[in-house]
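K.L.:
Please read through the structure below; I'll follow up with questions.
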Amino acid sequence: MNILLLGSGGREHALAWKLKQSSHCSTLWCAPGNAGIAHVAKIASIDINDNDAIVEFARQNAIGLVVVGPEQPLVNGVVDALEEAGIDAFGPSAAAAQLEGSKGFTKDLCAEFDIPTAAYQRFNNAPKAKSYIRQQGAPIVIKADGLAAGKGVIVAMTEAEAMDAVDACFEGEFGSAGAEVVIEEFLVGEEASLFAICDGQTAMLMGTAQDHKRVGDRDTGPNTGGMGAYSPAPILDQELIDEVMTDIIVPTLAGMHSRGMPFRGILYAGLMLTADGPQLIEYNVRFGDPECQVLMPRLKTDLVELLMASASGSLLEVEAEWKDEVALTVVMASEGYPGHYEKYTRIEGLDHAEAAGGLVFHAGTAMQDGHLVATGGRVLNVVGFGKSVTEAQEAAYTAVDQIDWKEGFCRRDIGWRAVARESGRD
């Protein structure tokens with residue numbers, strides 16, 4: 001079948017790379033894609049937030065499956081528009097995508113169906129929000145309710161920081177996403193991610209991972225879209241995985257079904273592993289970035305078969321098989337990210353990185369005058385493999401060091417907690 005993939009980041013390059021390997025894939029299209037995706041897919045110039053344009057392209061090109069990478073088109077209802085036109089799509093409806101599109105929606109669902117999560121309150125004005133902060137004290141977490149490109153969550157260590165965060169939300173720093181805020185209890189523990197593929201009634205594990213949000217080594221500096229990740233997450237052993245599936249994923253699926261908005265697609269659970277057990281921090285309704293870049297290389301099963309089973313409600317007929325190896329990705333970013341950075345800087349040496357055993361996925365790249373250039377903040381994902389996190393880390397940085405990009409940088413400690421545990425230093 002012909003497949004259309006929506007998106008342009010490292011997640012989409014990893015998905016395109018895996019989709020292209022499927023025996024079910026005839027022609028693979030991607031909109032808008034990037035320089036790396038162009039090596040495995042045909043590039044389509046479509047606005048991925050224009051549902052009508054996507055439906056029309058799918059009709060004209062006999063698309064049998066549309067795979068949605070980023071969250072915004074899902075919240076916009078692209079899956080609803082495609083299904084109404086009789087075109088199969090992987091991802092949730094607009095109603096079900098509220099699990100990511102509205103943090104308040106998710107917290108209310110958790111409260112109704114006894115899903116473990118941090119205590120919270122919702123507010124639509126600053127004075128009441130600030131009064132609640134004074135009652136609760138700090139540290140405390142302030143979240144813009146809507147989609148804010150990963151920037152709408154502030155972990156405030158002091159009351160003053162919390163007050164500033166409330167002002168930032170209601171004064172428009174996050175656009176319409178900050179019209180309402182969710183204020184949460186500060187949870188103590190280690191973060192991890194679990195992915196489940198769902199078909200409305202059934203949920204199946206799609207791997208675990210840990211990522212590194214902060215820009216600096218040892219998790220210092222401002223939050224980013226993610227500076228690296230590894231899979232599987234050693235801290236999520238089988239007992240914890242079973243607990244998360246039983247206490248968080250399954251009740252969520254049941255709750256969404258009871259509300260008349262069955263969830264199909266990927267449920268990406270951001271978790272805090274606390275002394276009282278796993279707690280849900282938030283849901284995303286698509287593959288993570290950069291987590292997808294370490295999940296796809298480990299997946300042995302034909303990806304198209306899993307996505308089609310999700311879309312058609314037949315997950316019980318398939319299973320996902322995984323390689324035993326660990327995959328670890330290092331994000332190479334433009335100097336200055338997540339702040340101001342220079343665009344169109346030249347990158348060389350990717351062939352040397354792959355010759356050294358690395359797998360390179362592109363994020364913010366383009367071709368200019370025959371040369372690869374950086375066009376975004378997060379630009380490349382360099383993946384290494386090994387029998388342990390330590391081995392995968394070494395392989396990834398060996399590949400990173402083959403890349404010639406003087407305006408780029410990366411963290412040098414991706415996987416540091418797991419490496420410390422493996423060496424007995426933790």
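Following the order of the structure tokens, chains are lettered A, B, ..., residues in each are numbered from 1, and ligands are numbered from 1.
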Output as a tab-separated table one row per residue of stretch 155-272 of chain A within 7 Å of stretch 312-324 of chain A: the closest atom pair and its distance in Å to one decimal place, counting only C-alpha atoms, sorted by chain and residue number ascending.

P.N.:
residue	atom	partner	partner_atom	distance
A:Asp199	CA	A:Gly313	CA	4.7
A:Gly200	CA	A:Gly313	CA	6.7
A:Thr202	CA	A:Leu315	CA	6.6

K.L.:
Need the shell around A:Lys107: protein/DNA/RNA residues with any atom at most 12 Å away, counting only C-alpha atoms. Skip same-chain ones fewer than 2 positions apart. Format as a PyMOL selection string?

P.N.:
chain A and resi 98-105+109-122+143+145+181-184+252+279-283

K.L.:
Stretch 55-69 of chain A: which residues within 6 Å, counting only C-alpha atoms, same-chain residues fewer than 3 positions away excluded, as a list in words?

P.N.:
Met1, Asn2, Ile3, Leu4, Leu5, Leu6, Gly7, Asp52, Leu82, Asp88, Ala89 and Phe90 of chain A

K.L.:
Determine which residues of stretch 95-250 of chain A DSSP labels as helix (DSSP H, G or I) from the backbone of this structure, then write them out as an MDAnalysis selection string.

P.N.:
chainID A and resid 98:101 103:112 126:136 159:170 175:179 238:250

K.L.:
For A:Leu240, list every protein, DNA or RNA residue within 12 Å, evaluated using only C-alpha atoms, and leave out those in the same chain fewer than 2 positions away; present the list as a ChimeraX atom specification.

P.N.:
/A:192-194,208,233-238,242-248,271-274,276-279

K.L.:
Taking only stretch 267-379 of chain A into account, list the residues labelled strand (DSSP E) by DSSP (computed from the backbone), as JSON, numbers by chain.

P.N.:
{"A": [267, 268, 269, 270, 271, 272, 273, 274, 277, 278, 279, 280, 281, 282, 283, 284, 326, 327, 328, 329, 330, 331, 332, 333, 334, 345, 346, 359, 360, 361, 362, 365, 366, 367, 368, 371, 372, 373, 374, 378, 379]}

K.L.:
At what distance in Å, to one decimal, does atom CA of A:Val389 lie from atom CA of A:Gly10?

P.N.:
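Rounded to one decimal, the two atoms are 20.9 Å apart.
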
K.L.:
By how many Å are atom CA of A:Ala420 and atom CA of A:Thr390 apart?

P.N.:
8.7 Å

K.L.:
Identify which of the residues A:Arg346, A:Arg134, A:Lys387, A:His371 lies closest to A:Ser231, counting only C-alpha atoms when measuring atom-to-atom distances.

P.N.:
A:Lys387

K.L.:
Of the candidates A:Glu161, A:Glu422, A:Glu391, A:Asp413, which one gets nearest to A:Asp217 if we count only C-alpha atoms?

P.N.:
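Of A:Glu161, A:Glu422, A:Glu391, A:Asp413, the one nearest A:Asp217 is A:Asp413, counting only C-alpha atoms.
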
K.L.:
Name all residues at most 9 Å from A:His340 (count only C-alpha atoms; drop same-chain ones fewer than 4 positions away) and give them as a compact mmCIF listing (two decimals) with N, CA and C atoms, in the first residue's frame.

P.N.:
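And here's selection-v5.txt as it stands now:
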# COMPACT_ATOMS: atom_id res chain seq x y z
N GLU A 335 24.26 25.32 18.47
CA GLU A 335 24.80 26.08 19.60
C GLU A 335 23.85 27.22 19.95
N GLY A 336 23.48 27.31 21.23
CA GLY A 336 22.54 28.33 21.68
C GLY A 336 21.17 27.76 22.02
N GLY A 377 16.68 23.75 16.00
CA GLY A 377 17.42 23.68 17.26
C GLY A 377 17.99 22.30 17.48

K.L.:
Contacts of A:Arg378 at 7 Å or less, counting only C-alpha atoms, minus same-chain residues fewer than 2 places along, as JSON, numbers by chain?

P.N.:
{"A": [331, 332, 333, 334, 363, 364, 376, 380]}

K.L.:
Quick check, in Å to one decimal: how far apart do atom CA of A:Asn49 and atom CA of A:Pro290 lie?

P.N.:
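Spanning atom CA of A:Asn49 to atom CA of A:Pro290 is a straight-line distance of 22.0 Å.
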
K.L.:
Tell me which of A:Val78, A:Ala275, A:Leu15, A:Val383 sits closest to A:Gly189, counting only C-alpha atoms.

P.N.:
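Of all the options, A:Ala275 lies closest to A:Gly189.
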
K.L.:
Determine the nearest neighbour of A:Val285 from the options A:Val326, A:Ala94, A:Val155, A:Ala395, counting only C-alpha atoms.

P.N.:
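Nearest candidate to A:Val285 out of A:Val326, A:Ala94, A:Val155, A:Ala395: A:Ala94.
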